[in-house]
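File shown: upload-v4.txt (compact mmCIF, C-alpha atoms and all ligand atoms).
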```
# COMPACT_ATOMS: atom_id res chain seq x y z
CA MET Z 223 -3.49 -3.03 42.69
CA LYS Z 224 -5.76 -3.34 39.62
CA VAL Z 225 -9.48 -2.99 40.33
CA LEU Z 226 -12.37 -3.64 37.95
CA ALA Z 227 -15.60 -1.96 39.10
CA ILE Z 228 -18.73 -3.32 37.40
CA ASN Z 229 -22.12 -1.57 37.66
CA SER Z 230 -24.99 -3.77 36.44
CA SER Z 231 -27.82 -1.25 37.01
CA PRO Z 232 -29.87 -0.61 33.88
CA ARG Z 233 -30.28 3.02 34.99
CA SER Z 234 -28.07 5.76 33.64
CA HIS Z 235 -25.32 7.59 35.46
CA GLY Z 236 -26.58 10.00 38.14
CA ILE Z 237 -29.91 8.15 38.43
CA SER Z 238 -28.54 4.74 39.44
CA LYS Z 239 -28.11 4.52 43.21
CA THR Z 240 -25.71 1.63 42.67
CA GLY Z 241 -23.69 4.02 40.51
CA ILE Z 242 -23.76 6.80 43.10
CA LEU Z 243 -22.37 4.49 45.79
CA LEU Z 244 -19.90 2.87 43.41
CA ASP Z 245 -18.54 6.29 42.32
CA ALA Z 246 -17.81 7.08 45.98
CA LEU Z 247 -16.07 3.73 46.55
CA VAL Z 248 -13.99 4.17 43.39
CA LYS Z 249 -13.01 7.70 44.49
CA GLY Z 250 -11.58 6.26 47.73
CA ILE Z 251 -9.88 3.35 45.94
CA THR Z 252 -8.25 5.75 43.45
CA GLU Z 253 -7.16 8.18 46.18
CA ALA Z 254 -5.45 5.28 47.98
CA GLY Z 255 -3.35 4.62 44.86
CA ALA Z 256 -5.03 1.71 43.09
CA GLU Z 257 -5.75 1.65 39.37
CA VAL Z 258 -9.51 1.39 38.68
CA GLU Z 259 -11.46 0.66 35.53
CA MET Z 260 -15.23 1.16 35.64
CA VAL Z 261 -17.58 -0.85 33.43
CA GLN Z 262 -21.25 0.05 32.83
CA LEU Z 263 -22.60 -3.41 32.05
CA ARG Z 264 -25.78 -2.00 30.44
CA LYS Z 265 -23.64 -0.71 27.57
CA LYS Z 266 -22.03 -4.10 26.90
CA SER Z 267 -23.25 -7.09 24.97
CA VAL Z 268 -22.97 -10.15 27.24
CA LYS Z 269 -24.87 -13.18 25.95
CA ASN Z 270 -26.29 -15.86 28.22
CA CYS Z 271 -24.18 -18.93 28.99
CA ILE Z 272 -25.77 -21.74 26.95
CA GLY Z 273 -24.26 -24.57 29.03
CA CYS Z 274 -22.43 -26.18 26.09
CA TYR Z 275 -19.15 -26.64 28.03
CA THR Z 276 -17.12 -25.73 24.93
CA CYS Z 277 -14.97 -23.66 27.33
CA TRP Z 278 -14.21 -26.86 29.30
CA THR Z 279 -13.62 -29.23 26.37
CA LYS Z 280 -13.03 -28.08 22.78
CA THR Z 281 -11.44 -24.69 23.56
CA PRO Z 282 -10.31 -24.89 27.24
CA GLY Z 283 -10.67 -21.51 28.93
CA VAL Z 284 -12.36 -19.83 25.95
CA CYS Z 285 -16.13 -19.31 25.53
CA LEU Z 286 -17.72 -19.97 22.12
CA HIS Z 287 -19.65 -16.65 22.15
CA ASP Z 288 -18.12 -13.75 20.24
CA ASP Z 289 -19.27 -10.73 22.26
CA ASP Z 290 -17.98 -8.04 24.65
CA MET Z 291 -17.52 -10.60 27.44
CA THR Z 292 -15.20 -12.86 25.41
CA ARG Z 293 -13.36 -10.04 23.65
CA GLU Z 294 -13.03 -7.48 26.43
CA LEU Z 295 -14.56 -8.16 29.84
CA PHE Z 296 -13.36 -11.69 30.61
CA PRO Z 297 -9.69 -10.82 29.85
CA LYS Z 298 -10.03 -7.68 32.02
CA TRP Z 299 -11.68 -9.69 34.82
CA MET Z 300 -8.82 -12.25 34.70
CA ALA Z 301 -6.19 -9.50 34.80
CA SER Z 302 -7.70 -7.77 37.88
CA ASP Z 303 -6.63 -8.18 41.49
CA VAL Z 304 -10.02 -7.10 42.83
CA VAL Z 305 -13.44 -6.95 41.16
CA VAL Z 306 -16.27 -4.87 42.62
CA TYR Z 307 -19.61 -6.44 41.69
CA ALA Z 308 -22.07 -3.54 42.06
CA THR Z 309 -25.70 -4.46 41.52
CA PRO Z 310 -29.15 -3.20 42.43
CA LEU Z 311 -30.97 -5.76 44.58
CA TYR Z 312 -33.57 -7.42 42.33
CA HIS Z 313 -35.83 -10.01 43.92
CA PHE Z 314 -33.39 -10.31 46.85
CA THR Z 315 -30.29 -11.07 44.78
CA VAL Z 316 -28.04 -9.75 41.98
CA ASN Z 317 -29.94 -8.53 38.91
CA ALA Z 318 -30.08 -10.64 35.75
CA ARG Z 319 -27.37 -8.64 33.99
CA MET Z 320 -24.88 -9.28 36.82
CA LYS Z 321 -25.90 -12.95 37.05
CA THR Z 322 -25.25 -13.33 33.32
CA PHE Z 323 -21.80 -11.77 33.78
CA ILE Z 324 -21.02 -14.11 36.69
CA GLU Z 325 -22.15 -17.20 34.75
CA ARG Z 326 -19.88 -16.19 31.86
CA THR Z 327 -16.81 -16.45 34.12
CA LEU Z 328 -17.18 -20.27 33.90
CA PRO Z 329 -14.16 -20.62 31.54
CA VAL Z 330 -11.86 -19.89 34.52
CA LEU Z 331 -12.79 -23.30 35.96
CA GLU Z 332 -11.74 -26.78 34.91
CA PRO Z 333 -14.39 -29.52 34.82
CA PHE Z 334 -12.76 -31.92 37.30
CA MET Z 335 -14.11 -32.10 40.83
CA PHE Z 336 -12.39 -32.36 44.19
CA ARG Z 337 -13.35 -32.11 47.83
CA HIS Z 338 -11.99 -29.55 50.30
CA ASP Z 339 -13.36 -28.90 53.81
CA GLY Z 340 -16.34 -31.14 53.04
CA LYS Z 341 -17.33 -29.15 49.96
CA THR Z 342 -17.08 -29.95 46.23
CA HIS Z 343 -14.95 -27.62 44.10
CA HIS Z 344 -13.63 -27.28 40.54
CA PRO Z 345 -9.93 -26.49 40.04
CA VAL Z 346 -9.22 -23.03 38.59
CA ARG Z 347 -7.05 -22.41 35.51
CA GLN Z 348 -5.87 -19.19 37.13
CA LYS Z 349 -6.63 -17.68 40.54
CA PRO Z 350 -9.78 -15.56 40.11
CA PRO Z 351 -9.73 -11.95 41.34
CA LYS Z 352 -10.74 -11.13 44.93
CA ALA Z 353 -14.30 -9.85 45.22
CA VAL Z 354 -16.22 -6.97 46.76
CA ILE Z 355 -20.02 -6.99 46.57
CA LEU Z 356 -21.91 -3.71 46.62
CA SER Z 357 -25.69 -3.51 46.46
CA VAL Z 358 -28.54 -1.06 47.01
CA ALA Z 359 -32.19 -1.82 47.76
CA GLY Z 360 -35.54 -0.07 47.97
CA PHE Z 361 -36.68 -1.67 51.25
CA PRO Z 362 -35.40 -0.08 54.46
CA GLU Z 363 -34.31 -3.08 56.55
CA ALA Z 364 -30.72 -4.40 56.39
CA SER Z 365 -32.00 -8.01 56.41
CA VAL Z 366 -33.22 -7.54 52.84
CA PHE Z 367 -29.63 -8.39 51.80
CA ASN Z 368 -29.42 -11.67 53.77
CA TYR Z 369 -29.99 -13.90 50.76
CA LEU Z 370 -27.51 -11.94 48.59
CA SER Z 371 -24.92 -12.14 51.36
CA THR Z 372 -25.31 -15.94 51.61
CA TYR Z 373 -24.95 -16.18 47.82
CA ALA Z 374 -21.86 -13.94 47.71
CA ASN Z 375 -20.15 -15.88 50.51
CA MET Z 376 -20.96 -19.21 48.81
CA LEU Z 377 -19.69 -17.95 45.46
CA PHE Z 378 -16.52 -16.12 46.45
CA GLY Z 379 -15.62 -17.88 49.74
CA LYS Z 380 -12.42 -16.50 51.26
CA GLY Z 381 -11.96 -14.32 48.17
CA LEU Z 382 -14.79 -12.05 49.36
CA LEU Z 383 -13.07 -9.00 50.88
CA ALA Z 384 -16.07 -6.82 51.73
CA GLU Z 385 -19.86 -6.53 51.51
CA ILE Z 386 -21.36 -3.04 51.10
CA TYR Z 387 -25.13 -2.90 51.34
CA ARG Z 388 -27.31 0.23 51.33
CA PRO Z 389 -31.03 -0.24 52.17
CA ALA Z 390 -33.62 2.52 51.47
CA ALA Z 391 -31.26 3.70 48.74
CA GLU Z 392 -33.91 5.58 46.76
CA LEU Z 393 -34.08 8.18 49.54
CA MET Z 394 -30.44 9.12 49.09
CA THR Z 395 -31.05 11.75 46.42
CA LEU Z 396 -34.01 13.43 48.17
CA PRO Z 397 -33.29 16.85 49.74
CA PRO Z 398 -34.40 15.95 53.33
CA PHE Z 399 -31.78 13.18 53.39
CA HIS Z 400 -28.95 15.23 51.92
CA GLU Z 401 -26.85 15.31 55.09
CA LYS Z 402 -27.19 11.59 55.81
CA ALA Z 403 -26.50 10.78 52.16
CA GLN Z 404 -23.30 12.83 52.32
CA ALA Z 405 -22.17 10.94 55.46
CA ILE Z 406 -22.94 7.61 53.74
CA LEU Z 407 -21.00 8.59 50.62
CA LYS Z 408 -18.04 9.89 52.66
CA ALA Z 409 -17.96 6.56 54.54
CA THR Z 410 -18.11 4.68 51.23
CA GLU Z 411 -15.08 6.68 50.02
CA GLN Z 412 -13.35 5.79 53.27
CA GLY Z 413 -14.27 2.14 52.61
CA GLY Z 414 -12.45 2.40 49.26
CA ARG Z 415 -9.31 3.70 50.95
CA GLU Z 416 -9.43 0.99 53.63
CA LEU Z 417 -9.85 -1.67 50.95
CA VAL Z 418 -6.60 -0.69 49.25
CA GLN Z 419 -4.74 -0.23 52.53
CA SER Z 420 -5.86 -3.39 54.34
CA MET Z 421 -7.89 -5.50 51.87
CA LYS Z 422 -10.95 -5.11 54.07
CA ILE Z 423 -13.45 -2.48 55.26
CA SER Z 424 -13.83 -1.85 58.99
CA LYS Z 425 -17.05 -2.56 60.88
CA GLU Z 426 -17.26 1.14 61.85
CA THR Z 427 -17.22 2.26 58.21
CA ILE Z 428 -19.78 -0.38 57.17
CA GLY Z 429 -21.92 0.76 60.13
CA ILE Z 430 -22.06 4.32 58.77
CA ILE Z 431 -22.86 3.12 55.23
CA THR Z 432 -25.77 0.94 56.39
CA GLN Z 433 -27.12 3.36 59.03
CA PRO Z 434 -30.90 3.83 59.11
CA VAL Z 435 -31.99 7.06 57.37
CA VAL Z 436 -35.60 7.08 58.56
CA GLU Z 437 -36.73 6.85 62.18
CA ASP Z 438 -39.37 4.18 61.74
CA PHE Z 439 -41.05 2.07 59.09
CA ASP Z 440 -44.33 4.05 59.14
CA SER Z 441 -42.67 7.34 58.14
CA PHE Z 442 -40.72 5.52 55.42
CA ALA Z 443 -43.84 3.78 54.07
CA ASP Z 444 -45.92 7.01 54.17
CA MET Z 445 -43.34 8.80 52.08
CA ALA Z 446 -42.79 5.98 49.59
CA ASN Z 447 -46.48 5.17 49.22
CA SER Z 448 -47.52 8.79 48.62
CA PHE Z 449 -44.78 9.05 45.97
CA TRP Z 450 -46.09 5.96 44.16
CA LYS Z 451 -49.66 7.26 44.41
CA VAL Z 452 -48.67 10.51 42.68
CA CYS Z 453 -46.87 8.57 39.94
CA ILE Z 454 -49.96 6.40 39.36
CA ASP Z 455 -52.37 9.38 39.44
CA GLU Z 456 -50.19 11.42 37.06
CA ARG Z 457 -49.42 8.38 34.86
CA MET Z 458 -45.70 9.05 35.26
CA THR Z 459 -42.72 6.78 35.85
CA PRO Z 460 -40.41 7.75 38.76
CA PHE Z 461 -37.85 8.93 36.19
CA GLU Z 462 -40.41 11.18 34.44
CA PHE Z 463 -41.55 12.49 37.84
CA TYR Z 464 -37.97 13.28 38.86
CA HIS Z 465 -37.20 14.90 35.49
CA LYS Z 466 -40.39 17.05 35.50
CA ASN Z 467 -39.70 18.28 39.03
CA MET Z 468 -36.07 19.06 38.25
CA VAL Z 469 -37.09 21.06 35.15
CA GLU Z 470 -39.83 22.93 37.05
CA HIS Z 471 -37.46 23.59 39.92
CA GLU Z 472 -34.75 24.90 37.56
CA SER Z 473 -37.21 27.21 35.76
CA GLU Z 474 -38.15 28.76 39.14
CA ILE Z 475 -34.54 29.78 39.80
C1 LIG Z 501 -37.18 -5.81 39.06
C2 LIG Z 501 -36.91 -5.15 40.38
C3 LIG Z 501 -36.75 -5.93 41.51
C4 LIG Z 501 -36.48 -5.35 42.75
N1 LIG Z 501 -36.35 -6.15 43.86
C5 LIG Z 501 -36.11 -5.59 45.07
C6 LIG Z 501 -35.99 -6.40 46.24
O1 LIG Z 501 -36.06 -7.63 46.19
N2 LIG Z 501 -35.80 -5.77 47.44
C7 LIG Z 501 -35.69 -4.41 47.54
O2 LIG Z 501 -35.53 -3.90 48.64
N3 LIG Z 501 -35.73 -3.62 46.43
C8 LIG Z 501 -35.95 -4.17 45.21
N4 LIG Z 501 -36.00 -3.37 44.09
C9 LIG Z 501 -35.70 -1.92 44.20
C10 LIG Z 501 -34.27 -1.60 43.78
O3 LIG Z 501 -33.32 -2.41 44.45
C11 LIG Z 501 -33.95 -0.12 44.10
O4 LIG Z 501 -34.85 0.70 43.40
C12 LIG Z 501 -32.53 0.26 43.78
O5 LIG Z 501 -32.27 1.53 44.34
C13 LIG Z 501 -32.24 0.35 42.29
O6 LIG Z 501 -30.87 0.62 42.09
P1 LIG Z 501 -30.33 1.45 40.83
O7 LIG Z 501 -30.85 2.85 41.01
O8 LIG Z 501 -28.86 1.40 40.90
O9 LIG Z 501 -30.86 0.80 39.59
C14 LIG Z 501 -36.31 -3.93 42.85
C15 LIG Z 501 -36.44 -3.15 41.68
C16 LIG Z 501 -36.74 -3.74 40.48
C17 LIG Z 501 -36.87 -2.86 39.24
```
Full structure transcribed into structure tokens:
Amino acid sequence: MKVLAINSSPRSHGISKTGILLDALVKGITEAGAEVEMVQLRKKSVKNCIGCYTCWTKTPGVCLHDDDMTRELFPKWMASDVVVYATPLYHFTVNARMKTFIERTLPVLEPFMFRHDGKTHHPVRQKPPKAVILSVAGFPEASVFNYLSTYANMLFGKGLLAEIYRPAAELMTLPPFHEKAQAILKATEQGGRELVQSMKISKETIGIITQPVVEDFDSFADMANSFWKVCIDERMTPFEFYHKNMVEHESEI
């Protein structure tokens, strides 16, 4: 099985919570014997679809842009059995970088329209890869992913093998949550193995990945709000805050 794992977070490796979860999933997928290629979308040049339909008319199946998507990513996407779309939740859906990638897969479709099960479809030039959606969010409630889930099911239909959503993801790297974070990452690895073995992830495994990490909303909000207050008072971004504390902590050792 060939798997393409795409991380659309703009944050760098080790900082991106999408990346942390995706690394665990990929570990499990690799252990189960599949071949995985990871793509950090922030390092690629993927231009916006301009809606010219050149890929449907003048050069069927080929986009007019000459960028990393046309040259490298679209051919890899077409050659994959499964694609993991890993994105931070931005305004309740995939982030702009991932949306741009998805729009640029238009050349796989033909323009003609037909009806199936009461819904309008385009024929495909080649069967698109099966999909897994993975996302992380700042808010603590699981329902924050409802809109993304509706979108993913609409987009991928029966090709959607699994949905992996992690709310309150920013807590995962904080020391008090170390144990829970380890359990979540172990379950995500397990999810990767299950995916290769049965093309799905069990409810039990998803249950561990999405488990609440804070008892109640008030404790969560107290923690998050005091953190933001410090950042504002100190005129520091969360990344600068994290970096400063890591450096100070290391110099104490
Ligand atoms: C522009 C922007 C929009 C966001 N929108 C949401 C949102 O709708 N719901 C939510 O719970 N978190 C939202 N977040 C928080 C991110 O989902 C969260 O910080 C996530 O852990 C980032 O993932 P990353 O570390 O992989 O980049 C948003 C963050 C940004 C920067």
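Taking all atoms listed in the file into account, Phe323 (chain Z) lies nearest to Z:Lys266 out of the set Z:Arg415, Z:Lys266, Z:Lys402, Z:His343.
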Can you work out which residues are within 9 Å of ligand LIG 501 (chain Z), considering all atoms listed in the file, and then hand them over as a PyMOL selection string? chain Z and resi 229-243+308-315+317+357-363+366-367+388-393
Given the choices Z:Lys265, Z:Val435, Z:Arg293, Z:Pro329, which gets closest to Thr281 (chain Z) if the distance is worked out from only C-alpha atoms? Z:Pro329
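Using all atoms listed in the file, the shortest contact distance between Gly381 (chain Z) and any of Z:Lys349, Z:His338, Z:Arg326, Z:Lys466 is found at Z:Lys349.
Taking CA of Ala409 (chain Z) as the reference point, CA of Glu426 (chain Z) is found at 9.1 Å.
Atom to atom, CA of Pro333 (chain Z) and CA of Phe378 (chain Z) stand 17.9 Å apart.
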Please provide as an NGL selection string all residues within 12 Å of His287 (chain Z), with the sequence filter that same-chain residues fewer than 5 positions apart are discarded (counting only C-alpha atoms). :Z and (267-277 or 281 or 292-293 or 296 or 326 or 329)
Report the distance between CA of Val354 (chain Z) and CA of Glu332 (chain Z) in Å, rounded to one decimal place. 23.5 Å
Skip Met260 (chain Z) itself and residues of its chain fewer than 4 positions away, then list as a PDB file with C-alpha atoms, keeping the file's coordinate frame all residues within 8 Å of it, counting all atoms listed in the file.
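Dumped everything to part.pdb:
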```pdb
ATOM      1  CA  LEU Z 226     -12.370  -3.640  37.950  1.00  0.00           C
ATOM      2  CA  ALA Z 227     -15.600  -1.960  39.100  1.00  0.00           C
ATOM      3  CA  ILE Z 228     -18.730  -3.320  37.400  1.00  0.00           C
ATOM      4  CA  ASN Z 229     -22.120  -1.570  37.660  1.00  0.00           C
TER       5      ASN Z 229
END
```
Incomplete region 227-241 of chain Z filled out to N, CA, C and O atoms as a short mmCIF file (atom, residue, chain, number, x, y, z; two decimals), in the frame of the given file:
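The resulting selection-v1.cif:
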```cif
data_model
loop_
_atom_site.label_atom_id
_atom_site.label_comp_id
_atom_site.auth_asym_id
_atom_site.auth_seq_id
_atom_site.Cartn_x
_atom_site.Cartn_y
_atom_site.Cartn_z
N ALA Z 227 -14.35 -2.29 38.41
CA ALA Z 227 -15.60 -1.96 39.10
C ALA Z 227 -16.76 -2.08 38.11
O ALA Z 227 -16.82 -1.33 37.14
N ILE Z 228 -17.65 -3.03 38.36
CA ILE Z 228 -18.73 -3.32 37.40
C ILE Z 228 -20.08 -2.89 37.97
O ILE Z 228 -20.49 -3.37 39.02
N ASN Z 229 -20.77 -1.99 37.25
CA ASN Z 229 -22.12 -1.57 37.66
C ASN Z 229 -23.14 -2.22 36.72
O ASN Z 229 -23.14 -1.97 35.52
N SER Z 230 -24.02 -3.06 37.29
CA SER Z 230 -24.99 -3.77 36.44
C SER Z 230 -26.37 -3.11 36.44
O SER Z 230 -27.32 -3.67 35.90
N SER Z 231 -26.50 -1.91 37.03
CA SER Z 231 -27.82 -1.25 37.01
C SER Z 231 -28.18 -0.86 35.58
O SER Z 231 -27.33 -0.39 34.83
N PRO Z 232 -29.46 -1.05 35.22
CA PRO Z 232 -29.87 -0.61 33.88
C PRO Z 232 -30.06 0.90 33.80
O PRO Z 232 -30.24 1.45 32.72
N ARG Z 233 -30.04 1.57 34.97
CA ARG Z 233 -30.28 3.02 34.99
C ARG Z 233 -29.01 3.78 34.65
O ARG Z 233 -27.90 3.33 34.95
N SER Z 234 -29.23 4.99 34.10
CA SER Z 234 -28.07 5.76 33.64
C SER Z 234 -27.35 6.46 34.80
O SER Z 234 -27.85 6.54 35.92
N HIS Z 235 -26.19 6.95 34.48
CA HIS Z 235 -25.32 7.59 35.46
C HIS Z 235 -26.03 8.79 36.11
O HIS Z 235 -26.69 9.56 35.43
N GLY Z 236 -25.92 8.91 37.42
CA GLY Z 236 -26.58 10.00 38.14
C GLY Z 236 -27.94 9.59 38.67
O GLY Z 236 -28.41 10.11 39.66
N ILE Z 237 -28.60 8.63 37.98
CA ILE Z 237 -29.91 8.15 38.43
C ILE Z 237 -29.72 6.85 39.23
O ILE Z 237 -30.39 6.63 40.23
N SER Z 238 -28.77 6.03 38.78
CA SER Z 238 -28.54 4.74 39.44
C SER Z 238 -27.94 4.93 40.83
O SER Z 238 -26.88 5.53 40.99
N LYS Z 239 -28.62 4.41 41.84
CA LYS Z 239 -28.11 4.52 43.21
C LYS Z 239 -26.89 3.61 43.39
O LYS Z 239 -25.98 3.92 44.15
N THR Z 240 -26.89 2.49 42.66
CA THR Z 240 -25.71 1.63 42.67
C THR Z 240 -24.51 2.44 42.19
O THR Z 240 -23.43 2.39 42.78
N GLY Z 241 -24.75 3.21 41.10
CA GLY Z 241 -23.69 4.02 40.51
C GLY Z 241 -23.20 5.11 41.45
O GLY Z 241 -22.00 5.38 41.53
#
```
